[in-house]
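Encoded as structure tokens, the structure appears first; notes follow it.
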Amino acid sequence: MLVRDAPAASGGTTLEVLMVRRNLRSDFVGGAYVFPGGAVDPHDGGADAEALSAGRSDAEASTLLGVDTGGLAYWVAVVRETFEEAGLLLARREGGPPLLSGDPEEEARFAAARVAVNDGTLRFLDLCRAERLQLAVADVHYFAHWITPRGAPRRYDTRFFVAAAPPGQIAAHDAGETIADVWISPHRALERHRAGEIEIIFPTIRNLQAIGRFATSTELLDAAARASSAVPTIEPRVVPDGNGMRIVLPGDPAYERPAVADPDDGAARGDFNEAVRAVSMQANVEGPDGAPGPRPGRP
């Protein structure tokens with residue numbers, strides 16, 4: 001989740017987050033608005049990654065994620081996927097001016113490099129080494145951990161992170177995996193979803209509700225940094241409730257009921273996207289403060 005402060009219509013500033021729209025042909029809820037991201041690549045870890053990462057070691061990253069080793073690869077994947085999908089680069093050059101903030105030659109060079117990274121002809125870490133960049137992983141904060149419910153056509157074990165958008169850089173979707181991009185306040189995104197104007201799925205809704213409690217990006221990032229060492233794993237379940245299906249979270253009384261389908265049973269998979277859409281709409285109910293939902297790291 002890349003965030004920034006933008007001028008508010010009523011004066012002052014408002015918190016905005018970058019969202020991108022999934023390709024309509026995606027198997028899992030195509031067309032939904034999500035945060036930039038993707039799978040961790042084998043090349044995201046190792047000694048090369050650690051040498052290019054500023055302010056966070058693999059041991060520190062692994063401790064935060066609760067894994068034995070290789071945790072830093074998640075932070076490197078954040079930087080790489082943000083560059084691939086949104087054209088924003090969370091990195092800096094020692095002693096140099098901010099990246100991609102107005103130099104036409106540099107912007108053209110990195111635009112070409114982005115195409116090469118996306119099509120697999122250039123490794124992201126090789127680009128960073130050639131450009132003498134340090135990845136700003138210390139500025140990226142672990143925020144939430146969600147696992148797709150059993151019964152999904154594909155299941156995702158997803159770590160969410162939050163960082164300030166790099167100043168001066170301009171976001172642009174990749175026109176492949178993502179087909180649109182928008183800077184939007186969490187409240188406005190949730191309003192548009194409730195109105196049926198855009199599609200957002202359950203974990204994204206919960207994270208929008210969480211970050212929507214903060215007035216500024218500084219407040220959000222400070223809170224996320226403090227909470228990053230205690231992020232629980234959330235694995236919702238889709239259960240029948242007599243009127244269709246609903247999502248329940250760990251701790252809910254209905255959580256121990258049988259799920260709609262076993263992951264190896266394809267019977268309910270054709271309806272899973274519709275179930276996700278229905279329960280996502282149920283989750284997006286505005287509270288008295290206009291921003292229901294969890295604190296950082298909470299369901």
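Identifiers for the structure tokens are assigned positionally: chains receive A, B, ... in sequence, residues are indexed from 1 per chain, and ligands are indexed from 1 in the order shown.
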
Exercise for review: Could you please write out, as number ranges by chain, every residue of region 31-240 of chain A that DSSP assigns to strand (DSSP E or B)?
Suggested key: A: 33-34, 53, 91-93, 133-135, 141-147, 157-164, 178-184, 233-234, 237-240

_10 Å contact set for Phe110 (chain A), only C-alpha atoms, chain neighbours under 3 positions out, as an MDAnalysis selection string_ = chainID A and resid 83 87 89 99:100 104:107 113:116 127 131

Save the residues we just selected, N, CA, C and O atoms, as a PDB file, in the first residue's frame?
```pdb
ATOM      1  N   PHE A  83       7.550  -1.373  -8.797  1.00  0.00           N
ATOM      2  CA  PHE A  83       8.156  -0.844 -10.023  1.00  0.00           C
ATOM      3  C   PHE A  83       7.509  -1.461 -11.254  1.00  0.00           C
ATOM      4  O   PHE A  83       7.141  -0.753 -12.206  1.00  0.00           O
ATOM      5  N   GLY A  87       5.208   1.455 -11.769  1.00  0.00           N
ATOM      6  CA  GLY A  87       6.217   2.378 -12.266  1.00  0.00           C
ATOM      7  C   GLY A  87       6.867   3.242 -11.200  1.00  0.00           C
ATOM      8  O   GLY A  87       7.567   4.202 -11.535  1.00  0.00           O
ATOM      9  N   LEU A  89       9.513   3.537  -7.949  1.00  0.00           N
ATOM     10  CA  LEU A  89      10.716   2.843  -7.514  1.00  0.00           C
ATOM     11  C   LEU A  89      11.124   3.326  -6.126  1.00  0.00           C
ATOM     12  O   LEU A  89      11.564   4.471  -5.949  1.00  0.00           O
ATOM     13  N   LEU A  99      15.145   9.891  -7.295  1.00  0.00           N
ATOM     14  CA  LEU A  99      14.967   9.198  -8.557  1.00  0.00           C
ATOM     15  C   LEU A  99      13.680   9.628  -9.253  1.00  0.00           C
ATOM     16  O   LEU A  99      12.674   9.927  -8.612  1.00  0.00           O
ATOM     17  N   LEU A 100      13.730   9.621 -10.579  1.00  0.00           N
ATOM     18  CA  LEU A 100      12.541   9.754 -11.424  1.00  0.00           C
ATOM     19  C   LEU A 100      11.687  10.952 -11.042  1.00  0.00           C
ATOM     20  O   LEU A 100      10.462  10.858 -10.936  1.00  0.00           O
ATOM     21  N   PRO A 104      14.353  13.892 -17.861  1.00  0.00           N
ATOM     22  CA  PRO A 104      13.763  13.136 -18.983  1.00  0.00           C
ATOM     23  C   PRO A 104      14.607  11.936 -19.402  1.00  0.00           C
ATOM     24  O   PRO A 104      14.073  10.875 -19.727  1.00  0.00           O
ATOM     25  N   GLU A 105      15.946  12.109 -19.421  1.00  0.00           N
ATOM     26  CA  GLU A 105      16.803  11.002 -19.844  1.00  0.00           C
ATOM     27  C   GLU A 105      16.699   9.842 -18.869  1.00  0.00           C
ATOM     28  O   GLU A 105      16.603   8.672 -19.276  1.00  0.00           O
ATOM     29  N   GLU A 106      16.714  10.156 -17.571  1.00  0.00           N
ATOM     30  CA  GLU A 106      16.611   9.099 -16.569  1.00  0.00           C
ATOM     31  C   GLU A 106      15.257   8.410 -16.649  1.00  0.00           C
ATOM     32  O   GLU A 106      15.166   7.171 -16.560  1.00  0.00           O
ATOM     33  N   GLU A 107      14.200   9.179 -16.822  1.00  0.00           N
ATOM     34  CA  GLU A 107      12.865   8.596 -16.887  1.00  0.00           C
ATOM     35  C   GLU A 107      12.723   7.678 -18.099  1.00  0.00           C
ATOM     36  O   GLU A 107      12.113   6.609 -18.018  1.00  0.00           O
ATOM     37  N   ALA A 113      13.857   0.082 -18.922  1.00  0.00           N
ATOM     38  CA  ALA A 113      14.258  -0.972 -18.000  1.00  0.00           C
ATOM     39  C   ALA A 113      13.039  -1.667 -17.407  1.00  0.00           C
ATOM     40  O   ALA A 113      13.043  -2.896 -17.213  1.00  0.00           O
ATOM     41  N   ARG A 114      11.997  -0.901 -17.131  1.00  0.00           N
ATOM     42  CA  ARG A 114      10.771  -1.498 -16.582  1.00  0.00           C
ATOM     43  C   ARG A 114      10.181  -2.511 -17.552  1.00  0.00           C
ATOM     44  O   ARG A 114       9.750  -3.602 -17.144  1.00  0.00           O
ATOM     45  N   VAL A 115      10.160  -2.174 -18.834  1.00  0.00           N
ATOM     46  CA  VAL A 115       9.660  -3.117 -19.841  1.00  0.00           C
ATOM     47  C   VAL A 115      10.504  -4.384 -19.835  1.00  0.00           C
ATOM     48  O   VAL A 115       9.980  -5.510 -19.879  1.00  0.00           O
ATOM     49  N   ALA A 116      11.822  -4.229 -19.758  1.00  0.00           N
ATOM     50  CA  ALA A 116      12.721  -5.385 -19.775  1.00  0.00           C
ATOM     51  C   ALA A 116      12.556  -6.237 -18.529  1.00  0.00           C
ATOM     52  O   ALA A 116      12.589  -7.473 -18.595  1.00  0.00           O
ATOM     53  N   LEU A 127      19.425  -4.441 -12.578  1.00  0.00           N
ATOM     54  CA  LEU A 127      19.140  -3.033 -12.870  1.00  0.00           C
ATOM     55  C   LEU A 127      19.591  -2.154 -11.706  1.00  0.00           C
ATOM     56  O   LEU A 127      20.256  -1.129 -11.916  1.00  0.00           O
ATOM     57  N   GLU A 131      22.547   0.706 -11.753  1.00  0.00           N
ATOM     58  CA  GLU A 131      22.212   2.103 -11.477  1.00  0.00           C
ATOM     59  C   GLU A 131      22.736   2.565 -10.113  1.00  0.00           C
ATOM     60  O   GLU A 131      22.501   3.695  -9.706  1.00  0.00           O
TER      61      GLU A 131
END
```

Neighbours of Pro42 (chain A) within 10 Å (only C-alpha atoms; same-chain residues fewer than 2 positions away dropped), as a ChimeraX atom specification?
-> /A:39-40,44-46,70,73,77

Export, as a compact mmCIF listing (two decimals), in the first residue's frame, the selected residues with N, CA and C atoms.
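Once everything was written out, this is out.txt:
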```txt
# COMPACT_ATOMS: atom_id res chain seq x y z
N ALA A 39 3.89 -12.20 -6.63
CA ALA A 39 4.60 -13.29 -5.98
C ALA A 39 6.06 -12.93 -5.71
N VAL A 40 6.59 -13.51 -4.64
CA VAL A 40 8.03 -13.40 -4.36
C VAL A 40 8.77 -14.27 -5.36
N ASP A 44 14.59 -12.61 -5.66
CA ASP A 44 14.40 -11.50 -4.72
C ASP A 44 15.21 -11.66 -3.44
N GLY A 45 15.74 -12.84 -3.20
CA GLY A 45 16.48 -13.08 -1.96
C GLY A 45 17.96 -13.34 -2.20
N GLY A 46 18.65 -13.66 -1.12
CA GLY A 46 20.06 -14.02 -1.22
C GLY A 46 21.00 -12.86 -0.94
N GLY A 70 15.15 -15.92 4.75
CA GLY A 70 14.59 -15.51 3.47
C GLY A 70 13.55 -14.42 3.55
N ALA A 73 13.43 -11.22 1.16
CA ALA A 73 12.92 -11.35 -0.21
C ALA A 73 11.54 -10.75 -0.36
N ALA A 77 10.63 -7.98 -3.03
CA ALA A 77 9.49 -8.20 -3.93
C ALA A 77 8.55 -7.00 -3.93
```

* At what distance in Å, to one decimal, does CA of Leu15 (chain A) lie from CA of Ile184 (chain A)? ->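 Computing it gives 8.1 Å between the two atoms.
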
| To one decimal place, how far is CA of Ala108 (chain A) from CA of Phe124 (chain A) in Å? |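 Going from CA of Ala108 (chain A) over to CA of Phe124 (chain A) covers 16.5 Å.
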
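If you measure from each of A:Thr63, A:Asn273, A:Thr158, A:Thr218 to Asp139 (chain A) using only C-alpha atoms, the closest one turns out to be A:Thr218.
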
Write down as a PyMOL selection string the residues of region 27-244 of chain A whose backbone DSSP state falls under helix (DSSP H, G or I). chain A and resi 42-44+47-52+58-65+72-86+104-118+124-130+137-139+186-194+202-211+217-227

Review point. How many Å separate CA of Asp27 (chain A) from CA of Val285 (chain A)?
Key: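 Going from CA of Asp27 (chain A) over to CA of Val285 (chain A), I get 26.5 Å.
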
May I have a table of the residues of region 73-155 of chain A lying at most 7 Å from region 164-179 of chain A, giving each one's closest pair of atoms and their distance in Å to one decimal, counting only C-alpha atoms, ordered by chain and ascending residue number, as CSV?
```
residue,atom,partner,partner_atom,distance
A:Glu84,CA,A:Asp174,CA,6.9
A:Glu85,CA,A:Asp174,CA,5.1
A:Ala86,CA,A:His173,CA,4.7
A:Gly87,CA,A:Ala171,CA,5.5
A:Leu88,CA,A:Ala171,CA,5.8
A:Leu90,CA,A:Pro166,CA,6.3
A:Leu100,CA,A:Gln169,CA,5.5
A:Ser101,CA,A:Gly168,CA,4.5
```

Hey, can you spit out that residue selection with C-alpha atoms as an mmCIF file, in the first residue's frame?
```cif
data_model
loop_
_atom_site.group_PDB
_atom_site.id
_atom_site.type_symbol
_atom_site.label_atom_id
_atom_site.label_comp_id
_atom_site.auth_asym_id
_atom_site.auth_seq_id
_atom_site.Cartn_x
_atom_site.Cartn_y
_atom_site.Cartn_z
ATOM 1 C CA GLU A 84 6.767 -3.466 -12.405
ATOM 2 C CA GLU A 85 3.055 -2.802 -11.849
ATOM 3 C CA ALA A 86 2.961 0.893 -10.948
ATOM 4 C CA GLY A 87 6.217 2.378 -12.266
ATOM 5 C CA LEU A 88 7.253 3.674 -8.826
ATOM 6 C CA LEU A 90 11.325 2.743 -3.752
ATOM 7 C CA LEU A 100 12.541 9.754 -11.424
ATOM 8 C CA SER A 101 11.620 13.258 -10.381
#
```

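For Gly31 (chain A), the set of protein, DNA and RNA residues having any atom at most 10 Å away, when counting only C-alpha atoms and skipping those fewer than 3 positions along the same chain, is Val20, Arg21, Arg22, Asn23, Leu24, Arg25, Ser26, Asp27, Phe28, Val34, Thr178, Ile179, Ala180, Ile198, Glu199 and Ile200 of chain A.
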
**Request:** Fewer than 3 positions away in the same chain doesn't count, so skip those; otherwise give me all residues within 12 Å of Gly196 (chain A), counting only C-alpha atoms, as a PyMOL selection string.
**Result:** chain A and resi 32+189-193+199-200+277-278+280-281+284

For the selection just defined, write its residues with all heavy atoms to a file, as a JSON list (two decimals), in the first residue's frame.
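Ended up saving to again31.json:
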```
[["chain", "number", "residue", "atom", "x", "y", "z"],
["A", 32, "ALA", "N", -11.09, -6.33, -10.29],
["A", 32, "ALA", "CA", -11.10, -5.75, -8.95],
["A", 32, "ALA", "C", -9.95, -4.77, -8.78],
["A", 32, "ALA", "O", -8.89, -4.90, -9.40],
["A", 32, "ALA", "CB", -11.01, -6.85, -7.90],
["A", 189, "ALA", "N", -12.70, 5.19, -1.76],
["A", 189, "ALA", "CA", -12.68, 3.87, -2.39],
["A", 189, "ALA", "C", -13.80, 3.00, -1.84],
["A", 189, "ALA", "O", -14.50, 2.31, -2.60],
["A", 189, "ALA", "CB", -11.32, 3.21, -2.15],
["A", 190, "LEU", "N", -13.99, 3.03, -0.52],
["A", 190, "LEU", "CA", -15.05, 2.24, 0.08],
["A", 190, "LEU", "C", -16.43, 2.74, -0.34],
["A", 190, "LEU", "O", -17.35, 1.95, -0.58],
["A", 190, "LEU", "CB", -14.91, 2.25, 1.61],
["A", 190, "LEU", "CG", -13.64, 1.55, 2.13],
["A", 190, "LEU", "CD1", -13.44, 1.86, 3.62],
["A", 190, "LEU", "CD2", -13.72, 0.05, 1.91],
["A", 191, "GLU", "N", -16.59, 4.05, -0.43],
["A", 191, "GLU", "CA", -17.86, 4.61, -0.91],
["A", 191, "GLU", "C", -18.17, 4.13, -2.33],
["A", 191, "GLU", "O", -19.30, 3.75, -2.65],
["A", 191, "GLU", "CB", -17.79, 6.15, -0.89],
["A", 191, "GLU", "CG", -17.85, 6.77, 0.49],
["A", 191, "GLU", "CD", -17.60, 8.27, 0.43],
["A", 191, "GLU", "OE1", -17.32, 8.79, -0.68],
["A", 191, "GLU", "OE2", -17.68, 8.93, 1.48],
["A", 192, "ARG", "N", -17.18, 4.18, -3.20],
["A", 192, "ARG", "CA", -17.39, 3.77, -4.59],
["A", 192, "ARG", "C", -17.71, 2.29, -4.68],
["A", 192, "ARG", "O", -18.50, 1.87, -5.53],
["A", 192, "ARG", "CB", -16.16, 4.12, -5.44],
["A", 192, "ARG", "CG", -15.92, 5.62, -5.62],
["A", 192, "ARG", "CD", -14.86, 5.89, -6.66],
["A", 192, "ARG", "NE", -15.30, 5.41, -7.97],
["A", 192, "ARG", "CZ", -14.50, 5.34, -9.04],
["A", 192, "ARG", "NH1", -13.22, 5.71, -8.93],
["A", 192, "ARG", "NH2", -14.95, 4.90, -10.20],
["A", 193, "HIS", "N", -17.11, 1.48, -3.80],
["A", 193, "HIS", "CA", -17.45, 0.06, -3.77],
["A", 193, "HIS", "C", -18.88, -0.15, -3.32],
["A", 193, "HIS", "O", -19.63, -0.93, -3.91],
["A", 193, "HIS", "CB", -16.48, -0.69, -2.86],
["A", 193, "HIS", "CG", -16.83, -2.14, -2.67],
["A", 193, "HIS", "ND1", -17.35, -2.63, -1.50],
["A", 193, "HIS", "CD2", -16.77, -3.19, -3.53],
["A", 193, "HIS", "CE1", -17.57, -3.92, -1.63],
["A", 193, "HIS", "NE2", -17.24, -4.29, -2.85],
["A", 199, "GLU", "N", -15.02, -2.59, -7.97],
["A", 199, "GLU", "CA", -15.02, -3.84, -7.23],
["A", 199, "GLU", "C", -13.78, -3.92, -6.34],
["A", 199, "GLU", "O", -12.66, -3.65, -6.79],
["A", 199, "GLU", "CB", -15.05, -5.02, -8.19],
["A", 199, "GLU", "CG", -15.20, -6.35, -7.49],
["A", 199, "GLU", "CD", -15.68, -7.44, -8.43],
["A", 199, "GLU", "OE1", -15.38, -7.36, -9.64],
["A", 199, "GLU", "OE2", -16.37, -8.36, -7.96],
["A", 200, "ILE", "N", -13.98, -4.26, -5.09],
["A", 200, "ILE", "CA", -12.89, -4.45, -4.13],
["A", 200, "ILE", "C", -13.21, -5.72, -3.35],
["A", 200, "ILE", "O", -14.37, -5.97, -3.01],
["A", 200, "ILE", "CB", -12.75, -3.25, -3.16],
["A", 200, "ILE", "CG1", -12.69, -1.93, -3.92],
["A", 200, "ILE", "CG2", -11.52, -3.41, -2.29],
["A", 200, "ILE", "CD1", -12.66, -0.71, -3.01],
["A", 277, "ARG", "N", -17.50, -11.72, -3.94],
["A", 277, "ARG", "CA", -18.15, -10.43, -4.18],
["A", 277, "ARG", "C", -19.24, -10.15, -3.15],
["A", 277, "ARG", "O", -19.37, -9.03, -2.65],
["A", 277, "ARG", "CB", -18.74, -10.40, -5.59],
["A", 277, "ARG", "CG", -17.69, -10.38, -6.70],
["A", 277, "ARG", "CD", -18.33, -10.26, -8.08],
["A", 277, "ARG", "NE", -17.30, -10.09, -9.10],
["A", 277, "ARG", "CZ", -16.85, -11.06, -9.88],
["A", 277, "ARG", "NH1", -17.35, -12.28, -9.77],
["A", 277, "ARG", "NH2", -15.92, -10.82, -10.79],
["A", 278, "ALA", "N", -20.04, -11.17, -2.84],
["A", 278, "ALA", "CA", -21.14, -10.98, -1.90],
["A", 278, "ALA", "C", -20.64, -10.67, -0.49],
["A", 278, "ALA", "O", -21.11, -9.73, 0.16],
["A", 278, "ALA", "CB", -22.03, -12.22, -1.88],
["A", 280, "SER", "N", -17.74, -9.54, 0.33],
["A", 280, "SER", "CA", -17.00, -8.29, 0.34],
["A", 280, "SER", "C", -17.96, -7.11, 0.49],
["A", 280, "SER", "O", -17.66, -6.15, 1.23],
["A", 280, "SER", "CB", -16.18, -8.14, -0.94],
["A", 280, "SER", "OG", -15.21, -9.16, -1.04],
["A", 281, "MET", "N", -19.09, -7.17, -0.16],
["A", 281, "MET", "CA", -20.08, -6.10, -0.01],
["A", 281, "MET", "C", -20.59, -6.06, 1.43],
["A", 281, "MET", "O", -20.77, -4.98, 2.01],
["A", 281, "MET", "CB", -21.23, -6.31, -0.99],
["A", 281, "MET", "CG", -22.21, -5.14, -1.03],
["A", 281, "MET", "SD", -21.43, -3.58, -1.55],
["A", 281, "MET", "CE", -21.17, -3.90, -3.29],
["A", 284, "ASN", "N", -18.20, -4.21, 3.78],
["A", 284, "ASN", "CA", -18.00, -2.78, 3.58],
["A", 284, "ASN", "C", -19.25, -2.02, 4.05],
["A", 284, "ASN", "O", -20.03, -1.51, 3.25],
["A", 284, "ASN", "CB", -17.71, -2.50, 2.10],
["A", 284, "ASN", "CG", -17.40, -1.04, 1.84],
["A", 284, "ASN", "OD1", -17.16, -0.27, 2.78],
["A", 284, "ASN", "ND2", -17.40, -0.66, 0.58]]
```
